[in-house]
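What follows is data-v3.txt (compact mmCIF, C-alpha atoms and all ligand atoms).
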# COMPACT_ATOMS: atom_id res chain seq x y z
CA MET J 279 197.37 112.05 125.95
CA SER J 280 194.30 113.89 124.75
CA ARG J 281 193.90 111.70 121.68
CA LEU J 282 192.13 109.16 123.90
CA ARG J 283 188.40 109.53 123.40
CA HIS J 284 186.85 106.88 125.61
CA HIS J 285 187.55 106.71 129.35
CA PRO J 286 186.18 104.72 132.29
CA THR J 287 183.29 106.42 134.07
CA GLU J 288 183.86 108.11 137.44
CA VAL J 289 182.06 105.17 139.08
CA VAL J 290 184.46 102.68 137.52
CA LEU J 291 187.53 104.78 138.44
CA ALA J 292 186.29 105.16 142.01
CA GLY J 293 185.69 101.40 142.18
CA TYR J 294 189.20 100.79 140.89
CA ALA J 295 190.72 103.21 143.42
CA SER J 296 188.85 101.64 146.34
CA GLY J 297 189.58 98.08 145.28
CA ALA J 298 185.86 97.38 144.90
CA LEU J 299 186.16 96.58 141.20
CA ALA J 300 186.52 92.89 140.34
CA ASP J 301 189.91 91.58 139.27
CA GLY J 302 189.27 91.35 135.52
CA PRO J 303 187.72 94.81 135.12
CA SER J 304 190.55 96.23 137.28
CA LEU J 305 193.02 94.80 134.79
CA THR J 306 191.29 96.55 131.89
CA VAL J 307 191.27 99.83 133.85
CA SER J 308 194.97 99.56 134.68
CA ALA J 309 195.74 98.97 130.98
CA HIS J 310 193.89 102.21 130.23
CA LEU J 311 195.69 104.07 133.04
CA ASP J 312 199.03 103.10 131.51
CA LEU J 313 198.14 105.38 128.61
CA CYS J 314 195.93 108.00 130.28
CA PRO J 315 197.47 110.56 132.66
CA ALA J 316 194.08 112.25 133.09
CA CYS J 317 192.48 109.10 134.53
CA ARG J 318 195.60 108.39 136.61
CA SER J 319 195.08 111.80 138.24
CA ARG J 320 191.43 111.03 138.93
CA VAL J 321 192.32 107.68 140.49
CA ALA J 322 194.95 109.39 142.69
CA LEU J 323 192.30 111.86 143.81
CA PHE J 324 189.83 109.08 144.61
CA GLU J 325 192.52 107.29 146.60
CA GLN J 326 193.17 110.45 148.64
CA VAL J 327 189.47 111.07 149.22
CA GLY J 328 188.88 107.41 150.05
CA GLY J 329 191.76 107.42 152.52
CA ALA J 330 190.42 110.58 154.15
CA LEU J 331 186.94 109.10 154.46
CA LEU J 332 188.35 105.91 155.91
CA ALA J 333 190.38 107.92 158.43
CA ASP J 334 187.16 109.59 159.60
CA VAL J 335 185.35 106.29 159.86
CA GLU J 336 188.13 104.67 161.81
CA GLN J 337 188.08 107.42 164.43
CA VAL J 338 184.48 106.56 165.15
CA ASP J 339 184.38 102.83 164.84
CA MET J 340 187.47 100.72 164.50
CA ALA J 341 187.28 97.06 165.33
CA ASP J 342 189.87 95.84 167.82
CA ASP J 343 191.55 93.68 165.25
CA ALA J 344 191.23 96.06 162.28
CA LEU J 345 194.84 97.23 162.45
CA ALA J 346 196.17 93.71 162.83
CA ARG J 347 194.10 92.56 159.87
CA ALA J 348 195.23 95.49 157.74
CA LEU J 349 198.87 94.83 158.54
CA ALA J 350 198.45 91.12 157.88
CA GLY J 351 197.09 92.02 154.46
CA ILE J 352 200.10 94.20 153.72
CA GLU J 353 202.63 91.72 155.00
CA ARG J 354 201.07 88.66 153.43
CA PRO J 355 203.81 87.21 151.30
CA GLN J 356 203.23 87.24 147.58
CA PRO J 357 203.13 83.73 146.17
CA ALA J 358 206.46 82.87 144.66
CA ARG J 359 206.40 82.73 140.92
CA ARG J 360 206.94 79.17 139.92
CA ALA J 361 209.46 78.46 137.22
CA SER J 362 206.77 76.67 135.29
CA THR J 363 204.64 79.81 135.09
CA PRO J 364 205.70 81.72 132.02
CA VAL J 365 205.44 85.47 132.24
CA SER J 366 204.47 86.99 128.92
CA LYS J 367 205.99 90.34 128.16
CA SER J 368 204.57 90.32 124.69
CA ILE J 369 202.09 88.38 122.66
CA GLY J 370 201.63 88.37 118.90
CA GLY J 371 204.26 91.12 118.60
CA LEU J 372 202.46 93.39 121.08
CA ALA J 373 204.22 94.62 124.23
CA LEU J 374 201.74 93.97 127.03
CA PRO J 375 200.72 96.54 129.65
CA SER J 376 202.66 95.95 132.86
CA ALA J 377 199.66 94.71 134.87
CA VAL J 378 198.83 92.17 132.16
CA ALA J 379 202.44 91.07 131.71
CA ARG J 380 202.53 89.96 135.35
CA ARG J 381 199.62 87.56 134.79
CA GLU J 382 199.56 83.98 133.69
CA ILE J 383 198.32 84.00 130.11
CA GLY J 384 197.06 80.85 128.45
CA ALA J 385 198.15 79.71 125.03
CA ARG J 386 196.67 81.53 122.07
CA ARG J 387 193.76 79.67 120.52
CA TRP J 388 193.11 80.34 116.88
CA VAL J 389 189.47 80.90 116.20
CA GLY J 390 189.69 81.84 112.52
CA PRO J 391 192.18 83.26 110.01
CA GLY J 392 194.23 85.80 111.97
CA ILE J 393 191.83 85.64 114.91
CA TRP J 394 192.95 84.38 118.30
CA VAL J 395 191.96 84.53 121.92
CA ALA J 396 194.26 84.04 124.92
CA PRO J 397 192.70 83.65 128.38
CA ILE J 398 194.21 85.53 131.32
CA LYS J 399 194.12 83.78 134.65
CA SER J 400 192.05 85.69 137.16
CA ASN J 401 193.11 86.29 140.73
CA ALA J 402 189.59 85.52 141.86
CA ALA J 403 186.91 82.97 141.02
CA ASP J 404 184.30 85.67 140.59
CA GLY J 405 182.70 84.70 137.30
CA TRP J 406 184.55 87.24 135.18
CA ARG J 407 186.34 85.97 132.07
CA THR J 408 189.33 88.00 131.02
CA TYR J 409 191.18 87.50 127.77
CA LEU J 410 193.15 89.03 124.97
CA MET J 411 191.61 88.91 121.54
CA ARG J 412 193.13 89.70 118.16
CA VAL J 413 191.04 90.40 115.10
CA PRO J 414 192.69 91.25 111.77
CA GLN J 415 192.04 94.33 109.69
CA GLY J 416 188.88 94.37 107.65
CA VAL J 417 187.05 91.89 109.85
CA ALA J 418 183.64 92.61 111.31
CA MET J 419 182.61 90.60 114.32
CA PRO J 420 179.33 88.78 113.96
CA HIS J 421 176.41 90.44 115.65
CA HIS J 422 176.23 89.25 119.25
CA GLY J 423 174.70 90.07 122.59
CA HIS J 424 175.89 90.20 126.19
CA HIS J 425 174.37 88.52 129.23
CA GLY J 426 176.34 90.79 131.56
CA PRO J 427 178.74 93.73 131.75
CA GLU J 428 181.93 93.82 129.71
CA PHE J 429 184.97 96.08 129.88
CA THR J 430 187.41 96.49 126.99
CA THR J 431 190.70 98.33 126.59
CA VAL J 432 192.18 98.54 123.11
CA LEU J 433 195.87 97.61 123.17
CA GLN J 434 196.62 97.87 119.48
CA GLY J 435 194.80 99.04 116.37
CA ALA J 436 191.21 100.22 116.55
CA PHE J 437 187.64 99.09 116.24
CA VAL J 438 184.37 100.81 115.42
CA ASP J 439 181.29 100.20 117.50
CA ASP J 440 178.03 102.05 116.93
CA ASN J 441 179.82 104.70 114.82
CA SER J 442 182.42 105.39 117.54
CA VAL J 443 186.09 104.65 116.94
CA PHE J 444 187.96 103.01 119.82
CA ALA J 445 191.73 103.32 119.30
CA ALA J 446 194.71 102.09 121.33
CA GLY J 447 194.24 103.07 124.97
CA ASP J 448 190.52 103.71 124.66
CA PHE J 449 188.22 102.08 127.20
CA GLY J 450 184.79 100.69 126.45
CA GLU J 451 182.07 99.52 128.81
CA SER J 452 179.00 97.67 127.67
CA GLY J 453 176.13 96.62 129.80
CA GLU J 454 173.92 93.60 130.03
CA GLY J 455 171.57 93.26 127.09
CA LEU J 456 173.76 95.19 124.65
CA GLU J 457 173.75 93.78 121.14
CA HIS J 458 176.34 94.98 118.70
CA ALA J 459 178.68 94.07 115.86
CA PRO J 460 182.00 95.89 116.28
CA SER J 461 184.42 95.81 113.36
CA VAL J 462 188.13 96.43 113.04
CA HIS J 463 188.96 99.97 111.94
CA GLY J 464 192.01 101.09 109.99
CA ASP J 465 194.76 99.10 108.33
CA SER J 466 196.15 97.04 111.20
CA ALA J 467 194.92 94.22 113.37
CA CYS J 468 193.14 95.08 116.58
CA ILE J 469 194.12 93.50 119.89
CA CYS J 470 191.88 94.10 122.89
CA LEU J 471 191.95 93.23 126.56
CA ILE J 472 188.42 92.18 127.47
CA SER J 473 186.80 91.23 130.75
CA GLY J 474 183.19 90.15 130.81
CA GLN J 475 180.71 88.57 133.15
CA GLY J 476 177.70 86.51 132.25
CA GLY J 477 178.91 85.47 128.84
CA ILE J 478 177.91 86.28 125.31
CA LYS J 479 174.96 85.03 123.30
CA THR J 480 175.53 84.32 119.68
CA SER J 481 176.08 81.85 116.89
CA GLY J 482 178.75 81.31 114.25
CA LEU J 483 182.25 82.61 114.84
CA MET J 484 181.48 84.14 118.20
CA SER J 485 180.16 80.82 119.46
CA LEU J 486 183.59 79.38 118.70
CA VAL J 487 185.19 82.18 120.75
CA LYS J 488 182.66 81.45 123.43
CA SER J 489 183.50 77.74 123.49
CA PHE J 490 187.21 78.46 123.81
CA LEU J 491 186.70 80.91 126.63
CA ARG J 492 183.73 79.25 128.26
CA VAL J 493 182.04 82.67 128.47
ZN ZN O 501 191.29 107.98 130.69
What do you get writing this file as C-alpha cells?
Amino acid sequence: MSRLRHHPTEVVLAGYASGALADGPSLTVSAHLDLCPACRSRVALFEQVGGALLADVEQVDMADDALARALAGIERPQPARRASTPVSKSIGGLALPSAVARREIGARRWVGPGIWVAPIKSNAADGWRTYLMRVPQGVAMPHHGHHGPEFTTVLQGAFVDDNSVFAAGDFGESGEGLEHAPSVHGDSACICLISGQGGIKTSGLMSLVKSFLRV
C-alpha cells in the first residue's frame, strides 16, 4: 500500500517487535500495521533478529528459572471477557482495527459540534492516555503544545500538520515540546487513534478535550 506516506521510525518498529513499546503506542503501531505490509515486513524482520539475539544471549547466561518464567508467561490464562464489557467493533460508523476492537472503549464524549473523544482502556498504568478522536471536515484544532511524546494513526479521513497530509493509515509521532495546530483535510471527518504521555498544554477547545481525557 504505497499510498501511505508516514510510517513509524525503525526505532519505534523495533520497540514494537521487542515488546519494549508501551501499551498505548503499541496500539497505534498495530493500527498502522493493519494497513501497511511494508512495516509488517520490517516488524517480522526485527522479531527474527531479536529472537536470534536472544538465542545467543541465552546460551551464555540463562537464569535457572528463565524457561519456567517464559512458559508461565505463555500459559498465563487470558482474563475472561466479562459480559458487562462491551467489545466495540465499530464506532461512529468506522470499523475499528482489530487490536482496538478487542479493547474496552469508553463512551464517546462530545466536545463540540461533531467532535468527540472516546478513551481506550490501557493494559498498563504507565501514564499513557490512549483515545479515539473525531473531528469534522473543515475544522482546525486550536494551537496547542505537548508535554510529552504522542503517537497518532489516522483511521479515517485526513489531517494536515505543518504542510504534511496524514491520510488513513498514516502514522505520526510528535515529541515533547512540539506546538502545532493540525486541521482536518478533505471533505470527510477525520478519526484518529492517539496515544500520548505527559498531556497537552492549551486553552479553549483543547482544554475541554484535556479535561475529558485527563491528559
Ligand atoms: Zn508503514
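For the set J:Cys470, J:Ala418, J:Leu456, J:Ala446, the residue with the smallest atom-to-atom gap to ligand ZN 501 (chain O) is J:Ala446, counting all atoms listed in the file.
Near ligand ZN 501 (chain O), at a distance of at most 6 Å and with all atoms listed in the file counted, sit the residues His285, Cys314, Ala316 and Cys317 of chain J.
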To one decimal place, how far is CA of Cys468 in chain J from CA of Ala298 in chain J in Å? 29.3 Å
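When CA of Val417 in chain J is paired with CA of Gly474 in chain J, their separation reads 21.4 Å.
What separates CA of Arg412 in chain J from CA of Ala467 in chain J is a distance of 6.8 Å.
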Pick out the residues sitting within 9 Å of Ser304 in chain J, and hand them over as a compact mmCIF listing (two decimals) with C-alpha atoms, in the coordinates of the input; count only C-alpha atoms, and ignore anything fewer than 5 positions along from it in its own chain.
# COMPACT_ATOMS: atom_id res chain seq x y z
CA VAL J 290 184.46 102.68 137.52
CA GLY J 293 185.69 101.40 142.18
CA TYR J 294 189.20 100.79 140.89
CA GLY J 297 189.58 98.08 145.28
CA LEU J 299 186.16 96.58 141.20
CA ALA J 309 195.74 98.97 130.98
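When all atoms listed in the file are used to measure the gap to Trp394 in chain J, the shortest distance among J:Arg380, J:Ile469, J:Met419, J:Lys479 belongs to J:Ile469.
Taking all atoms listed in the file, the non-local environment of Ala377 in chain J within 12 Å (same-chain residues fewer than 4 positions away omitted) comprises J:Asp301, J:Gly302, J:Pro303, J:Ser304, J:Leu305, J:Thr306, J:Val307, J:Ser308, J:Ala309, J:His310, J:Leu311, J:Asp312, J:Val365, J:Ser366, J:Lys367, J:Ala373, J:Arg381, J:Glu382, J:Ile383, J:Ile398, J:Leu471.
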Written selection (C-alpha atoms) as a short mmCIF file (atom, residue, chain, number, x, y, z; two decimals), in the coordinates of the input:
data_model
loop_
_atom_site.label_atom_id
_atom_site.label_comp_id
_atom_site.auth_asym_id
_atom_site.auth_seq_id
_atom_site.Cartn_x
_atom_site.Cartn_y
_atom_site.Cartn_z
CA ASP J 301 189.91 91.58 139.27
CA GLY J 302 189.27 91.35 135.52
CA PRO J 303 187.72 94.81 135.12
CA SER J 304 190.55 96.23 137.28
CA LEU J 305 193.02 94.80 134.79
CA THR J 306 191.29 96.55 131.89
CA VAL J 307 191.27 99.83 133.85
CA SER J 308 194.97 99.56 134.68
CA ALA J 309 195.74 98.97 130.98
CA HIS J 310 193.89 102.21 130.23
CA LEU J 311 195.69 104.07 133.04
CA ASP J 312 199.03 103.10 131.51
CA VAL J 365 205.44 85.47 132.24
CA SER J 366 204.47 86.99 128.92
CA LYS J 367 205.99 90.34 128.16
CA ALA J 373 204.22 94.62 124.23
CA ARG J 381 199.62 87.56 134.79
CA GLU J 382 199.56 83.98 133.69
CA ILE J 383 198.32 84.00 130.11
CA ILE J 398 194.21 85.53 131.32
CA LEU J 471 191.95 93.23 126.56
#
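With distances restricted to only C-alpha atoms, J:Gly426 is the closest residue to Ser452 in chain J from J:Gly435, J:Gly426, J:Gly392, J:Gly370.
Nearest to Gln415 in chain J of all the residues J:Glu288, J:Glu325, J:Asp440, J:Asp465 is J:Asp465, based on only C-alpha atoms.
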Within 7 Å of (183.0, 104.3, 125.3) (file coordinates; all atoms listed in the file), which protein or nucleic acid residues are there? I'd like them as a PyMOL selection string. chain J and resi 284-285+449-451
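With all atoms listed in the file as the atoms that count, the residue of J:Phe324, J:Tyr409, J:Phe444, J:Phe429 with the shortest distance to Pro460 in chain J is J:Phe444.
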